[in-house]
>>> print(open('final.txt').read())   # compact mmCIF, C-alpha atoms
# COMPACT_ATOMS: atom_id res chain seq x y z
CA MET A 216 18.56 -20.47 -68.24
CA LYS A 217 21.24 -22.92 -69.15
CA GLY A 218 23.84 -20.55 -67.71
CA SER A 219 22.09 -20.30 -64.35
CA ILE A 220 21.87 -24.10 -64.01
CA TYR A 221 25.59 -24.26 -64.76
CA ARG A 222 26.23 -21.65 -62.10
CA LEU A 223 24.10 -23.63 -59.62
CA GLY A 224 26.17 -26.69 -60.45
CA ILE A 225 29.39 -24.83 -59.77
CA ALA A 226 27.96 -23.48 -56.53
CA GLY A 227 26.95 -27.00 -55.51
CA LEU A 228 30.45 -28.30 -56.21
CA VAL A 229 31.94 -25.49 -54.15
CA ILE A 230 29.61 -26.31 -51.22
CA VAL A 231 30.51 -30.04 -51.42
CA ALA A 232 34.20 -29.14 -51.54
CA LEU A 233 33.83 -26.87 -48.51
CA MET A 234 31.96 -29.56 -46.59
CA MET A 235 34.68 -32.09 -47.37
CA ALA A 236 37.34 -29.62 -46.28
CA GLY A 237 35.46 -29.07 -43.07
CA ARG A 238 35.22 -32.80 -42.42
CA ALA A 239 38.90 -33.27 -43.20
CA LYS A 240 39.72 -30.55 -40.67
CA GLY A 241 37.33 -32.12 -38.15
CA SER A 242 39.03 -35.51 -38.31
CA GLY A 243 42.51 -34.01 -38.22
CA ALA A 244 44.10 -31.14 -36.34
CA GLY A 245 40.83 -29.62 -35.16
CA ALA A 246 39.45 -32.83 -33.63
CA THR A 247 38.94 -31.17 -30.25
CA GLU A 248 36.35 -28.80 -31.76
CA GLU A 249 33.88 -31.66 -31.95
CA LYS A 250 34.19 -32.55 -28.31
CA PRO A 251 31.48 -30.91 -26.23
CA ALA A 252 32.64 -28.10 -23.99
CA THR A 253 33.10 -28.68 -20.28
CA GLU A 254 30.20 -26.84 -18.69
CA ILE A 255 30.45 -24.62 -15.62
CA LYS A 256 27.21 -23.29 -14.22
CA ILE A 257 26.99 -19.92 -12.54
CA ASP A 258 24.26 -20.25 -9.97
CA ASN A 259 23.63 -18.50 -6.66
CA PHE A 260 26.79 -16.43 -6.96
CA SER A 261 29.05 -19.48 -7.34
CA PHE A 262 30.84 -21.47 -10.04
CA SER A 263 29.78 -25.09 -10.21
CA PRO A 264 31.78 -27.26 -10.35
CA ASN A 265 34.18 -24.97 -8.59
CA THR A 266 37.24 -26.79 -9.94
CA VAL A 267 37.39 -28.62 -13.28
CA THR A 268 40.29 -30.66 -14.67
CA VAL A 269 40.46 -30.89 -18.47
CA PRO A 270 42.98 -32.04 -21.12
CA VAL A 271 44.92 -29.48 -23.17
CA GLY A 272 42.83 -28.21 -26.06
CA SER A 273 39.56 -28.41 -24.16
CA THR A 274 36.92 -25.75 -24.31
CA VAL A 275 35.22 -24.66 -21.09
CA ARG A 276 31.88 -22.91 -21.23
CA TRP A 277 30.43 -20.82 -18.40
CA THR A 278 26.68 -20.10 -18.41
CA ASN A 279 25.06 -17.57 -16.09
CA HIS A 280 21.83 -18.84 -14.50
CA ASP A 281 21.54 -15.98 -11.97
CA ASP A 282 19.22 -12.98 -12.19
CA VAL A 283 22.20 -10.64 -12.04
CA PRO A 284 25.16 -10.24 -14.39
CA HIS A 285 28.47 -11.98 -13.79
CA ASN A 286 31.77 -12.31 -15.61
CA VAL A 287 34.79 -14.60 -15.67
CA VAL A 288 38.24 -13.05 -15.30
CA ASN A 289 41.50 -14.97 -15.05
CA ASP A 290 43.62 -13.74 -12.13
CA ASP A 291 46.57 -13.35 -14.56
CA LYS A 292 44.31 -11.66 -17.14
CA SER A 293 44.97 -14.35 -19.79
CA PHE A 294 41.23 -14.53 -20.43
CA LYS A 295 38.30 -12.30 -19.59
CA SER A 296 34.67 -12.63 -20.59
CA LYS A 297 32.31 -9.83 -21.41
CA THR A 298 29.56 -9.21 -18.87
CA MET A 299 27.15 -12.15 -19.02
CA ASP A 300 23.54 -11.33 -18.30
CA THR A 301 21.06 -14.10 -17.41
CA ASP A 302 21.40 -17.18 -19.69
CA GLU A 303 24.38 -15.75 -21.56
CA ASN A 304 27.58 -17.78 -21.81
CA PHE A 305 31.29 -17.50 -22.44
CA SER A 306 33.65 -20.13 -23.88
CA TYR A 307 37.41 -20.35 -23.71
CA THR A 308 39.72 -22.99 -25.18
CA PHE A 309 42.75 -23.85 -23.07
CA THR A 310 45.76 -24.56 -25.28
CA LYS A 311 48.46 -24.69 -22.60
CA PRO A 312 48.67 -26.84 -19.48
CA GLY A 313 48.52 -25.11 -16.13
CA THR A 314 46.26 -24.07 -13.28
CA TYR A 315 44.03 -21.14 -14.14
CA THR A 316 42.35 -19.41 -11.21
CA TYR A 317 39.57 -17.02 -12.10
CA PHE A 318 36.90 -14.87 -10.43
CA CYS A 319 33.90 -12.66 -11.15
CA SER A 320 35.28 -9.12 -11.10
CA ILE A 321 31.78 -7.79 -10.33
CA HIS A 322 31.38 -10.09 -7.30
CA PRO A 323 34.98 -10.96 -6.41
CA LYS A 324 33.96 -13.38 -3.67
CA MET A 325 33.10 -15.73 -6.54
CA THR A 326 36.22 -17.70 -7.45
CA GLY A 327 36.97 -20.90 -9.40
CA LYS A 328 39.76 -22.94 -10.94
CA VAL A 329 40.45 -24.73 -14.23
CA VAL A 330 43.29 -27.29 -14.19
CA VAL A 331 44.56 -28.02 -17.70
CA GLN A 332 46.64 -31.21 -18.09
CA MET B 296 14.49 15.39 21.59
CA ALA B 297 11.40 16.96 23.07
CA GLY B 298 9.73 14.45 25.34
CA LYS B 299 9.95 10.74 24.85
CA PRO B 300 7.56 9.26 22.35
CA ASN B 301 6.15 5.99 23.59
CA ASP B 302 7.52 3.91 20.80
CA GLU B 303 11.07 5.15 21.11
CA ILE B 304 13.44 2.28 20.47
CA LEU B 305 16.63 2.51 22.47
CA HIS B 306 19.08 0.09 20.97
CA ASP B 307 20.75 -0.91 24.20
CA HIS B 308 19.12 -4.24 24.84
CA ASN B 309 21.03 -7.50 25.19
CA HIS B 310 22.72 -8.50 21.93
CA ASP B 311 22.53 -5.00 20.51
CA GLY B 312 24.07 -3.50 23.63
CA VAL B 313 27.44 -2.01 24.34
CA ASP B 314 30.04 -4.63 23.62
CA ARG B 315 33.51 -5.02 25.10
CA ARG B 316 34.93 -2.27 22.98
CA GLY B 317 32.21 0.05 24.17
CA PHE B 318 30.59 0.44 20.79
CA LEU B 319 26.89 0.83 20.57
CA LYS B 320 25.51 -1.17 17.73
CA CYS B 321 22.16 -0.58 16.17
CA MET B 322 20.47 -2.38 13.35
CA ALA B 323 17.10 -1.89 11.78
CA TRP B 324 15.72 -3.81 8.86
CA ALA B 325 14.05 -2.80 5.62
CA GLY B 326 10.43 -1.84 5.87
CA THR B 327 10.53 -0.87 9.52
CA GLY B 328 10.72 2.84 8.77
CA ALA B 329 13.17 4.26 11.22
CA PHE B 330 14.03 7.78 12.28
CA CYS B 331 17.46 7.95 13.81
CA VAL B 332 19.27 10.74 15.57
CA MET B 333 22.81 10.52 16.78
CA GLN B 334 23.63 12.55 19.86
CA GLY B 335 26.99 12.33 21.55
CA GLY B 336 27.69 9.04 19.82
CA VAL B 337 24.40 7.45 20.86
CA LEU B 338 21.94 6.52 18.18
CA LYS B 339 18.28 6.89 19.07
CA SER B 340 15.79 5.37 16.75
CA TYR B 341 12.10 6.25 16.56
CA SER B 342 9.49 4.46 14.53
CA LEU B 343 7.91 6.59 11.81
CA SER B 344 4.66 6.85 13.75
CA ALA B 345 6.53 8.74 16.46
CA ILE B 346 7.55 11.50 14.11
CA ALA B 347 4.17 13.18 14.47
CA GLY B 348 5.17 13.94 18.07
CA LEU B 349 8.28 15.84 17.06
CA THR B 350 8.25 19.59 16.67
CA GLU B 351 8.36 21.26 13.26
CA LYS B 352 11.79 22.61 14.06
CA GLN B 353 13.08 19.14 14.79
CA LYS B 354 11.71 17.86 11.53
CA LYS B 355 12.93 20.84 9.53
CA GLY B 356 16.69 20.82 9.42
CA GLU B 357 18.60 23.68 7.93
CA LEU B 358 20.31 21.24 5.60
CA SER B 359 18.07 18.67 4.02
CA PHE B 360 18.96 16.12 1.37
CA VAL B 361 17.77 12.76 0.13
CA GLN B 362 19.66 9.53 -0.51
CA ILE B 363 18.43 7.09 -3.13
CA SER B 364 20.27 3.98 -4.21
CA ASP B 365 20.40 0.95 -6.47
CA SER B 366 17.88 2.02 -9.10
CA HIS B 367 19.23 -0.78 -11.39
CA MET B 368 17.63 0.68 -14.51
CA GLY B 369 17.40 -2.17 -17.04
CA PHE B 370 16.62 -4.91 -14.52
CA ASN B 371 13.41 -6.61 -15.70
CA LYS B 372 12.97 -9.82 -13.71
CA PRO B 373 10.88 -10.84 -10.71
CA ALA B 374 10.15 -9.28 -8.28
CA ASN B 375 10.25 -6.06 -10.29
CA THR B 376 9.74 -5.99 -14.05
CA ASP B 377 9.27 -2.22 -14.04
CA VAL B 378 12.12 -0.53 -12.17
CA ALA B 379 11.34 2.76 -13.93
CA ALA B 380 7.93 2.81 -12.22
CA THR B 381 9.41 2.27 -8.76
CA LEU B 382 12.08 4.92 -9.37
CA LYS B 383 9.24 7.23 -10.39
CA ALA B 384 7.44 6.34 -7.15
CA ALA B 385 10.62 7.20 -5.21
CA ILE B 386 10.78 10.58 -6.96
CA ASP B 387 7.11 11.22 -6.16
CA LYS B 388 7.94 10.45 -2.53
CA ILE B 389 10.85 12.91 -2.63
CA ASN B 390 8.64 15.59 -4.18
CA ALA B 391 6.06 15.09 -1.42
CA LEU B 392 8.52 15.59 1.46
CA PRO B 393 7.48 18.38 3.85
CA THR B 394 10.92 19.99 3.52
CA ALA B 395 12.13 20.12 -0.06
CA PRO B 396 15.61 18.56 -0.12
CA GLY B 397 18.50 20.69 -1.34
CA PHE B 398 19.93 17.86 -3.41
CA ILE B 399 19.96 14.11 -3.98
CA LEU B 400 22.75 11.62 -3.33
CA HIS B 401 22.61 8.50 -5.51
CA THR B 402 24.80 5.82 -3.97
CA GLY B 403 25.31 3.74 -7.09
CA ASP B 404 24.03 0.93 -9.24
CA ILE B 405 22.23 3.61 -11.19
CA THR B 406 21.96 1.04 -14.00
CA HIS B 407 21.84 -2.73 -14.16
CA LEU B 408 24.19 -3.29 -17.12
CA SER B 409 25.92 0.08 -17.72
CA LYS B 410 24.02 0.55 -20.98
CA PRO B 411 23.77 4.14 -22.29
CA GLU B 412 19.97 3.94 -22.51
CA GLU B 413 19.81 2.82 -18.87
CA PHE B 414 21.80 5.87 -17.70
CA ASP B 415 19.62 8.04 -19.96
CA GLY B 416 16.45 6.56 -18.43
CA VAL B 417 17.52 7.48 -14.89
CA ASP B 418 18.65 10.97 -15.93
CA GLN B 419 15.33 11.53 -17.63
CA LEU B 420 13.25 10.42 -14.62
CA LEU B 421 15.32 12.44 -12.14
CA LYS B 422 14.55 15.60 -14.09
CA SER B 423 11.12 15.51 -12.45
CA ALA B 424 12.60 15.55 -8.93
CA SER B 425 12.14 18.70 -6.85
CA ALA B 426 15.87 18.71 -6.13
CA LYS B 427 17.81 19.42 -9.30
CA ASP B 428 21.34 18.60 -8.14
CA VAL B 429 22.19 14.90 -8.00
CA PHE B 430 25.55 13.71 -6.66
CA TYR B 431 26.55 10.21 -7.71
CA VAL B 432 29.03 7.53 -6.81
CA PRO B 433 29.26 4.44 -9.03
CA GLY B 434 28.14 0.95 -8.15
CA GLU B 435 29.74 -2.13 -9.71
CA HIS B 436 26.83 -2.28 -12.19
CA ASP B 437 27.73 1.20 -13.51
CA VAL B 438 31.29 0.37 -14.55
CA LEU B 439 30.72 -2.91 -16.45
CA GLY B 440 32.88 -3.60 -19.47
CA ASP B 441 34.66 -0.25 -19.70
CA ASP B 442 36.31 0.24 -16.29
CA GLY B 443 33.96 3.12 -15.58
CA LYS B 444 34.81 5.25 -18.60
CA GLN B 445 31.19 6.00 -19.49
CA TYR B 446 30.30 6.71 -15.85
CA LEU B 447 33.15 9.24 -15.60
CA GLU B 448 32.14 10.93 -18.84
CA ARG B 449 28.59 11.34 -17.58
CA TYR B 450 29.02 12.15 -13.90
CA GLY B 451 32.69 12.41 -13.01
CA LYS B 452 34.13 15.19 -15.12
CA ALA B 453 35.04 17.25 -12.06
CA ALA B 454 36.00 14.22 -9.97
CA LYS B 455 39.40 12.75 -9.20
CA GLY B 456 40.70 9.29 -10.15
CA ALA B 457 37.91 6.77 -10.66
CA GLY B 458 35.29 9.35 -9.65
CA TRP B 459 35.88 10.42 -6.05
CA TYR B 460 35.28 14.01 -4.92
CA SER B 461 34.20 16.19 -2.01
CA PHE B 462 32.03 19.27 -1.57
CA ASP B 463 30.62 21.46 1.19
CA GLN B 464 26.99 22.29 1.87
CA LYS B 465 25.97 24.58 4.73
CA GLY B 466 28.98 23.70 6.82
CA VAL B 467 28.76 19.96 6.25
CA HIS B 468 31.64 18.32 4.36
CA PHE B 469 30.57 15.59 1.91
CA ILE B 470 32.99 12.97 0.57
CA GLY B 471 31.96 10.70 -2.33
CA LEU B 472 34.13 7.57 -2.54
CA VAL B 473 34.49 4.87 -5.21
CA ASN B 474 34.94 1.32 -3.91
CA VAL B 475 33.84 -0.75 -6.93
CA MET B 476 36.98 -0.55 -9.10
CA ASN B 477 39.94 -2.94 -9.39
CA LEU B 478 38.30 -5.56 -7.20
CA LYS B 479 40.63 -8.43 -6.29
CA ALA B 480 39.82 -12.14 -6.51
CA GLY B 481 38.28 -13.28 -3.24
CA GLY B 482 38.19 -9.70 -1.93
CA LEU B 483 35.61 -7.11 -0.94
CA GLY B 484 35.06 -3.52 -2.04
CA ASN B 485 38.27 -1.61 -2.61
CA LEU B 486 39.27 2.06 -2.27
CA GLY B 487 42.96 1.83 -3.18
CA ASN B 488 45.97 3.85 -2.08
CA GLU B 489 45.52 6.75 -4.47
CA GLN B 490 42.01 7.45 -3.20
CA LEU B 491 43.03 6.96 0.45
CA GLU B 492 45.86 9.47 0.08
CA TRP B 493 43.51 11.96 -1.54
CA MET B 494 40.98 11.51 1.27
CA GLU B 495 43.59 11.99 4.00
CA SER B 496 44.65 15.33 2.51
CA ASP B 497 41.04 16.30 1.76
CA VAL B 498 40.04 16.27 5.44
CA LYS B 499 43.34 17.53 6.88
CA HIS B 500 42.39 21.21 6.81
CA LEU B 501 38.92 20.74 8.34
CA SER B 502 38.15 21.63 11.95
CA LYS B 503 37.10 18.70 14.11
CA SER B 504 33.67 20.24 14.65
CA THR B 505 32.87 19.98 10.91
CA PRO B 506 30.14 17.38 10.38
CA ILE B 507 31.29 14.83 7.83
CA VAL B 508 29.12 12.78 5.47
CA VAL B 509 30.86 9.98 3.56
CA PHE B 510 28.94 8.23 0.79
CA ALA B 511 29.97 5.21 -1.28
CA HIS B 512 28.25 2.26 -2.91
CA ILE B 513 29.52 -0.83 -1.05
CA PRO B 514 29.23 -0.58 2.76
CA LEU B 515 32.32 0.87 4.45
CA TRP B 516 31.77 -1.45 7.41
CA SER B 517 31.78 -5.19 7.55
CA VAL B 518 28.08 -6.03 7.09
CA TYR B 519 28.55 -9.58 5.79
CA PRO B 520 31.91 -10.32 4.16
CA GLU B 521 30.72 -13.80 3.07
CA TRP B 522 28.55 -12.01 0.51
CA GLY B 523 31.11 -9.34 -0.26
CA TRP B 524 29.24 -6.78 1.84
CA GLY B 525 32.18 -4.78 3.10
CA THR B 526 35.27 -2.88 1.92
CA ASP B 527 38.78 -4.26 2.39
CA ASP B 528 40.52 -0.98 3.17
CA SER B 529 37.65 0.97 4.77
CA ALA B 530 39.33 0.97 8.21
CA GLN B 531 42.14 3.06 6.76
CA ALA B 532 39.66 5.58 5.34
CA LEU B 533 37.72 5.79 8.60
CA SER B 534 40.92 6.31 10.60
CA TYR B 535 41.24 9.75 8.96
CA LEU B 536 37.86 10.69 10.45
CA LYS B 537 38.45 9.70 14.09
CA ARG B 538 39.08 13.26 15.27
CA PHE B 539 35.74 14.56 13.98
CA GLY B 540 32.77 14.89 16.29
CA SER B 541 30.11 13.77 13.83
CA VAL B 542 30.66 11.35 10.96
CA THR B 543 27.78 9.84 8.97
CA VAL B 544 28.47 7.09 6.42
CA LEU B 545 25.81 6.44 3.76
CA ASN B 546 26.02 3.33 1.59
CA GLY B 547 23.87 1.26 -0.77
CA HIS B 548 24.61 -2.09 -2.43
CA ILE B 549 22.75 -4.39 -0.01
CA HIS B 550 19.22 -3.22 -0.89
CA GLN B 551 18.03 -2.96 2.71
CA THR B 552 18.32 -0.44 5.51
CA MET B 553 20.71 -1.11 8.32
CA GLN B 554 22.31 1.12 10.93
CA LYS B 555 25.26 0.85 13.24
CA VAL B 556 27.20 3.22 15.49
CA GLU B 557 30.88 2.78 16.16
CA GLY B 558 32.46 5.53 18.25
CA ASN B 559 31.90 8.84 16.45
CA ILE B 560 30.70 7.19 13.24
CA THR B 561 27.13 6.30 12.31
CA PHE B 562 26.74 3.90 9.40
CA HIS B 563 23.58 3.60 7.31
CA THR B 564 22.80 1.45 4.31
CA ALA B 565 19.84 2.42 2.12
CA ALA B 566 16.97 0.55 0.53
CA SER B 567 16.99 0.10 -3.24
CA THR B 568 14.38 1.69 -5.50
CA ALA B 569 14.37 -1.50 -7.67
CA PHE B 570 14.35 -4.79 -5.75
CA PRO B 571 15.08 -6.10 -2.24
CA GLN B 572 17.91 -8.43 -1.28
CA PRO B 573 17.85 -11.00 1.51
CA LYS B 574 19.06 -10.40 5.04
CA PRO B 575 22.68 -11.50 5.49
CA GLY B 576 22.97 -15.29 5.40
CA SER B 577 19.21 -15.85 5.14
CA ALA B 578 19.36 -17.17 1.55
CA PRO B 579 21.81 -19.22 -0.54
CA SER B 580 23.04 -16.04 -2.24
CA PRO B 581 22.53 -12.26 -2.17
CA GLY B 582 20.59 -12.37 -5.46
CA PRO B 583 17.36 -10.39 -5.95
CA MET B 584 14.63 -11.41 -3.52
CA LYS B 585 11.40 -12.54 -5.15
CA VAL B 586 8.48 -11.17 -3.17
CA PRO B 587 4.76 -10.96 -3.91
CA ALA B 588 3.87 -7.90 -6.00
CA GLU B 589 1.84 -6.37 -3.17
CA GLN B 590 4.88 -6.49 -0.86
CA LEU B 591 7.44 -5.08 -3.25
CA ARG B 592 7.05 -1.37 -2.52
CA SER B 593 7.18 -1.92 1.24
CA LEU B 594 10.74 -3.21 0.72
CA LEU B 595 11.93 -0.33 -1.46
CA GLY B 596 12.54 3.17 -0.27
CA ILE B 597 14.16 6.57 -0.01
CA ARG B 598 16.09 8.25 2.80
CA ASP B 599 15.59 11.80 3.96
CA VAL B 600 18.49 13.37 5.91
CA ASN B 601 18.29 16.59 7.90
CA TYR B 602 21.01 18.48 9.71
CA LEU B 603 20.38 21.00 12.45
CA PRO B 604 23.43 23.21 12.98
CA GLY B 605 24.66 23.07 16.56
CA LYS B 606 22.76 19.85 17.21
CA HIS B 607 25.80 17.70 16.48
CA ALA B 608 23.61 15.17 14.74
CA LEU B 609 22.17 14.21 11.40
CA ALA B 610 18.59 13.01 11.50
CA VAL B 611 17.93 10.14 9.15
CA ILE B 612 14.44 9.09 8.12
CA ASP B 613 13.93 6.00 5.98
CA SER B 614 10.57 5.54 4.34
CA ASN B 615 9.31 2.89 1.96
CA LEU B 616 7.54 3.43 -1.35
CA GLU B 617 4.05 2.44 -0.27
>>> encode(input="final.txt", output="structure tokens")
Amino acid sequence: MKGSIYRLGIAGLVIVALMMAGRAKGSGAGATEEKPATEIKIDNFSFSPNTVTVPVGSTVRWTNHDDVPHNVVNDDKSFKSKTMDTDENFSYTFTKPGTYTYFCSIHPKMTGKVVVQ
Amino acid sequence: MAGKPNDEILHDHNHDGVDRRGFLKCMAWAGTGAFCVMQGGVLKSYSLSAIAGLTEKQKKGELSFVQISDSHMGFNKPANTDVAATLKAAIDKINALPTAPGFILHTGDITHLSKPEEFDGVDQLLKSASAKDVFYVPGEHDVLGDDGKQYLERYGKAAKGAGWYSFDQKGVHFIGLVNVMNLKAGGLGNLGNEQLEWMESDVKHLSKSTPIVVFAHIPLWSVYPEWGWGTDDSAQALSYLKRFGSVTVLNGHIHQTMQKVEGNITFHTAASTAFPQPKPGSAPSPGPMKVPAEQLRSLLGIRDVNYLPGKHALAVIDSNLE
């Protein structure tokens, strides 16, 4: 009995330590993780907004609101989502500046652009 | 044609008439139920009610096959939450045809999400069809996530490249093309050089009197490029077929029937067995059309094709699932 309380105590300490480590990370190098992702809606076979401009380190999240599957494929193949069925999403964090054009490889008329500054 | 049924529709009026290039264009929309015969490059279309006036011989071609398309197994949203039931209804329709078809062509989008159980579901249902042989070409929904690997393992073992092939049936040469692979940003359907070269050599040895049937998922003519309803390099493919007397192109993808004649080539798109899509430009996007439940089956369908040797024509009958 005494032993199990001791073990609980140790476990609690470990959890507190982990939480502190997480907070330390959050306020330091990984600060961008706390910023909400820039949202791009997929609706009526189009990406909206069609062009987004974000700072380096930003995460962009695409969510499919159509009744058919779509995907997001960078023209230079630097990122590619899985097939997103209705209400599924895909996130990508841009770590380098540049202009990233992308399209839906299932419906290639659908194109969009992410400008990373 | 014996006699002239009263409701014969000759597509030579005003905007559908012969244009400057001398092409006769013909379009018919889903649900109208059209029977089309091409003779000497002229498409004649009869409404289904006129078929009763045709002789048995005209209805019974020596070669008979059925086209089905866009079964989208796995789709479960309005207007059709049970695509297995409507595929079953299409098979019942096939099994009730007066002339049992020799085989079935499936022009792609067999599945909605390329899942193994979706392919299995279609295979299972088609076992109850009177025609046992099914020839497939993939739609873009059949090659999701794996560049068509699973599709090829299931249906394309004897095919070339991404799944293209040809075969002969009773003197008619059939060519199955794949135009859903390696699609380019901003582009349309795509055949690619390797497939085009194969096709050119495939038809080289054929006599010009050989009737040709080409089938592929995305239309091989420019139906509505704004919605991706066309194929970037289809003109190249069709140029290999100019010397032939009779060329019939069968496509799917747009979930509605449409016909057009250009020179020696007759183009047809088929209805889906799963859900309808809007007429070109009539909606914000080509997404599934939501229709009242009682209308759904009137907008889905099968296509029965008959060929009479020596008649220089393939007779195409579209019928809905009601």
>>> closest_atom_pairs(input="final.txt", of="chain B", to="chain A", cutoff="9 Å", atoms="only C-alpha atoms", output="tab-separated table")
residue	atom	partner	partner_atom	distance
B:Phe370	CA	A:Val283	CA	8.4
B:Lys372	CA	A:Asp282	CA	7.2
B:Pro373	CA	A:Asp282	CA	8.7
B:His407	CA	A:Val283	CA	8.2
B:Leu408	CA	A:Pro284	CA	7.5
B:Glu435	CA	A:Ile321	CA	6.0
B:His436	CA	A:Ile321	CA	7.6
B:Leu439	CA	A:Thr298	CA	6.8
B:Gly440	CA	A:Thr298	CA	6.5
B:Val475	CA	A:Ile321	CA	8.1
B:Met476	CA	A:Ser320	CA	9.0
B:Asn477	CA	A:Ser320	CA	7.9
B:Leu478	CA	A:Ser320	CA	6.1
B:Lys479	CA	A:Pro323	CA	6.2
B:Ala480	CA	A:Pro323	CA	5.0
B:Gly481	CA	A:Lys324	CA	4.3
B:Gly482	CA	A:Pro323	CA	5.7
B:Leu483	CA	A:Pro323	CA	6.7
B:Gly484	CA	A:Pro323	CA	8.6
B:Pro520	CA	A:Lys324	CA	8.7
B:Glu521	CA	A:Lys324	CA	7.5
B:Trp522	CA	A:Lys324	CA	7.0
B:Gly523	CA	A:Lys324	CA	6.0
B:Pro579	CA	A:Asn259	CA	6.4
B:Ser580	CA	A:Asn259	CA	5.1
B:Pro581	CA	A:Phe260	CA	7.6
B:Gly582	CA	A:Asp282	CA	6.9
B:Pro583	CA	A:Asp282	CA	7.0
>>> residues_around(input="final.txt", residues="B:Ala379", least_positions_apart="2", cutoff="8 Å", atoms="only C-alpha atoms", output="list in words")
Met368, Asp377, Thr381, Leu382, Lys383, Gly416, Val417 and Leu420 of chain B
>>> write_last_selection(input="final.txt", atoms="C-alpha atoms", output="PDB file, keeping the file's coordinate frame")
ATOM      1  CA  MET B 368      17.630   0.680 -14.510  1.00  0.00           C
ATOM      2  CA  ASP B 377       9.270  -2.220 -14.040  1.00  0.00           C
ATOM      3  CA  THR B 381       9.410   2.270  -8.760  1.00  0.00           C
ATOM      4  CA  LEU B 382      12.080   4.920  -9.370  1.00  0.00           C
ATOM      5  CA  LYS B 383       9.240   7.230 -10.390  1.00  0.00           C
ATOM      6  CA  GLY B 416      16.450   6.560 -18.430  1.00  0.00           C
ATOM      7  CA  VAL B 417      17.520   7.480 -14.890  1.00  0.00           C
ATOM      8  CA  LEU B 420      13.250  10.420 -14.620  1.00  0.00           C
TER       9      LEU B 420
END
>>> atom_distance(input="final.txt", atom1="atom CA of B:Lys455", atom2="atom CA of B:Gly443")
12.8 Å
>>> residues_around(input="final.txt", residues="B:Arg592", least_positions_apart="5", cutoff="8 Å", atoms="only C-alpha atoms", output="PDB file with C-alpha atoms, in the frame of the given file")
ATOM      1  CA  THR B 381       9.410   2.270  -8.760  1.00  0.00           C
ATOM      2  CA  ASN B 615       9.310   2.890   1.960  1.00  0.00           C
ATOM      3  CA  LEU B 616       7.540   3.430  -1.350  1.00  0.00           C
ATOM      4  CA  GLU B 617       4.050   2.440  -0.270  1.00  0.00           C
TER       5      GLU B 617
END
>>> residues_near_point(input="final.txt", point="(38.1, 9.6, -5.0)", cutoff="9 Å", atoms="all atoms listed in the file", output="tab-separated table (two decimals) with C-alpha atoms, keeping the file's coordinate frame")
chain	number	residue	atom	x	y	z
B	454	ALA	CA	36.00	14.22	-9.97
B	455	LYS	CA	39.40	12.75	-9.20
B	456	GLY	CA	40.70	9.29	-10.15
B	457	ALA	CA	37.91	6.77	-10.66
B	458	GLY	CA	35.29	9.35	-9.65
B	459	TRP	CA	35.88	10.42	-6.05
B	460	TYR	CA	35.28	14.01	-4.92
B	461	SER	CA	34.20	16.19	-2.01
B	470	ILE	CA	32.99	12.97	0.57
B	471	GLY	CA	31.96	10.70	-2.33
B	472	LEU	CA	34.13	7.57	-2.54
B	473	VAL	CA	34.49	4.87	-5.21
B	474	ASN	CA	34.94	1.32	-3.91
B	486	LEU	CA	39.27	2.06	-2.27
B	489	GLU	CA	45.52	6.75	-4.47
B	490	GLN	CA	42.01	7.45	-3.20
B	491	LEU	CA	43.03	6.96	0.45
B	493	TRP	CA	43.51	11.96	-1.54
B	494	MET	CA	40.98	11.51	1.27
>>> closest_residue(input="final.txt", among="B:Met553, B:Val542, B:Ala566, B:Ala385", to="B:Ser364", atoms="all atoms listed in the file")
B:Ala566
>>> atom_distance(input="final.txt", atom1="atom CA of B:Met584", atom2="atom CA of A:Asp302")
18.5 Å
>>> atom_distance(input="final.txt", atom1="atom CA of B:Gln362", atom2="atom CA of B:Phe539")
22.2 Å
>>> residues_around(input="final.txt", residues="A:Lys256", least_positions_apart="6", cutoff="10 Å", atoms="only C-alpha atoms", output="PyMOL selection string")
chain A and resi 262-265+276-281+304
>>> closest_residue(input="final.txt", among="B:Pro514, B:Asn375, B:Asp442, B:Val361", to="B:Ala424", atoms="all atoms listed in the file")
B:Val361
>>> residues_around(input="final.txt", residues="A:Pro312", least_positions_apart="5", cutoff="10 Å", atoms="all atoms listed in the file", output="list in words")
Val269, Pro270, Val271, Gly272, Val329, Val330, Val331 and Gln332 of chain A
>>> closest_residue(input="final.txt", among="B:Gln531, B:Ser567, B:Ser502, B:Thr406", to="B:Gln551", atoms="all atoms listed in the file")
B:Ser567
>>> closest_residue(input="final.txt", among="B:Ala569, B:Val498, B:Ala384, B:Leu358", to="B:Asn601", atoms="all atoms listed in the file")
B:Leu358
